[in-house]
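So the structure is just underneath, and the comments pick up after that.
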Amino acid sequence: MEASQGDPELETVERIREESKPRVEELYATHAQGAVRLAYLLVGDQEIAQDIAQEAFLRAFGRFADMRKPNSFPNYLKATIVNLTRKHFRRRGLERLYVERLRARPAHGVAPPNVEQQQVVTQALLKVPQRQRAALVLHYYEDLPEYQVADLLGVSEQAARSLVARGRKTLREQLGGVRP
């Protein structure tokens, strides 16, 4: 507590930490097995389940002092595990899509990329207005459908289609009519 001497707010935080240590240890001992079991049933992998349970405890303990009802800890922990599980599967789905994209690209027999042409296209793209450029990059580079482009840009799907079309036209003009 040396670092907090003189600062009443830091002293209060330190006191709360010290006072809550036995309670945190008790909560961990009581709920750790159930947390791992819940995570395992949701993900089907013991190691991932342990990681998710640990992350859930860290998040829950980080919020412990802010909990209005300390009795709600088990429910908060379960909700955190469910949310972390969703995050895990969402990340795994994105990783799978990325790997599939890489597999779809031919590995051999393809000419190496024309770096000079890529630089020309990149420079032309940087001259496209920002919203059009964002729509183009999301749609073509990130390979997102127009409804996701619309969602990310906070516009309607029709507006996203329009931004992509206008962006293509502007990019074509920047390139002097040459298709990228």
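In the structure tokens, each chain is lettered A, B, ... as it comes, each chain's residues begin at 1, and ligands are numbered from 1 in order of appearance.
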
Within 8 Å of Glu146 in chain A, counting only C-alpha atoms, which residues show up once you throw out same-chain ones fewer than 4 positions away? Write them as a list of chain:residue names, please. A:His139, A:Ala150, A:Glu157, A:Ala160, A:Arg161

Take the residues from that selection and write them out as a PDB file, in the first residue's frame, keeping N, CA and C atoms.
ATOM      1  N   HIS A 139     -16.451  -4.022 -50.080  1.00  0.00           N
ATOM      2  CA  HIS A 139     -17.135  -4.929 -51.008  1.00  0.00           C
ATOM      3  C   HIS A 139     -16.154  -5.810 -51.790  1.00  0.00           C
ATOM      4  N   ALA A 150     -23.445  -1.986 -46.151  1.00  0.00           N
ATOM      5  CA  ALA A 150     -24.420  -0.996 -45.691  1.00  0.00           C
ATOM      6  C   ALA A 150     -24.411  -0.915 -44.168  1.00  0.00           C
ATOM      7  N   GLU A 157     -29.049  -0.375 -47.775  1.00  0.00           N
ATOM      8  CA  GLU A 157     -28.430  -1.257 -48.759  1.00  0.00           C
ATOM      9  C   GLU A 157     -28.368  -0.572 -50.124  1.00  0.00           C
ATOM     10  N   ALA A 160     -25.539   1.775 -50.152  1.00  0.00           N
ATOM     11  CA  ALA A 160     -24.266   1.051 -50.274  1.00  0.00           C
ATOM     12  C   ALA A 160     -24.022   0.660 -51.730  1.00  0.00           C
ATOM     13  N   ARG A 161     -25.071   0.160 -52.415  1.00  0.00           N
ATOM     14  CA  ARG A 161     -24.930  -0.180 -53.838  1.00  0.00           C
ATOM     15  C   ARG A 161     -24.526   1.043 -54.644  1.00  0.00           C
TER      16      ARG A 161
END

Identify which of the residues A:Ala56, A:Arg172, A:Gln119, A:Arg103 lies closest to His31 in chain A, counting only C-alpha atoms when measuring atom-to-atom distances.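 The closest residue to His31 in chain A is A:Ala56.
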
With distances taken over only C-alpha atoms, which of A:Tyr40, A:Tyr98, A:Tyr147, A:Phe73 is nearest to Phe61 in chain A?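 Of the candidates, the smallest distance to Phe61 in chain A is held by A:Phe73.
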
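As for CA of Val155 in chain A and CA of Tyr141 in chain A, they are spaced 19.1 Å apart.
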
In range 40-165 of chain A, what's alpha helix (DSSP H) per DSSP? Answer as a PyMOL selection string? chain A and resi 40-43+46-63+73-104+115-126+130-136+146-153+157-165

Please list as a count of residues only every residue within 8 Å of Leu163 in chain A, counting only C-alpha atoms and excluding residues in the same chain fewer than 6 positions away. 4

All residues 12 Å or closer to Tyr28 in chain A, only C-alpha atoms, same chain fewer than 3 positions away omitted, as a ChimeraX atom specification: /A:21-25,31-36,53-54,56-58,60-61,73-74,77

Using only C-alpha atoms, which of the listed residues (A:Ile52, A:Ala29, A:Val149, A:Ala104) sits closest to His88 in chain A? A:Ile52

Compare A:Val137, A:Leu38, A:Leu144, A:Arg86 by their minimum atom-to-atom distance to Thr122 in chain A, counting only C-alpha atoms, and give me the closest one. A:Val137
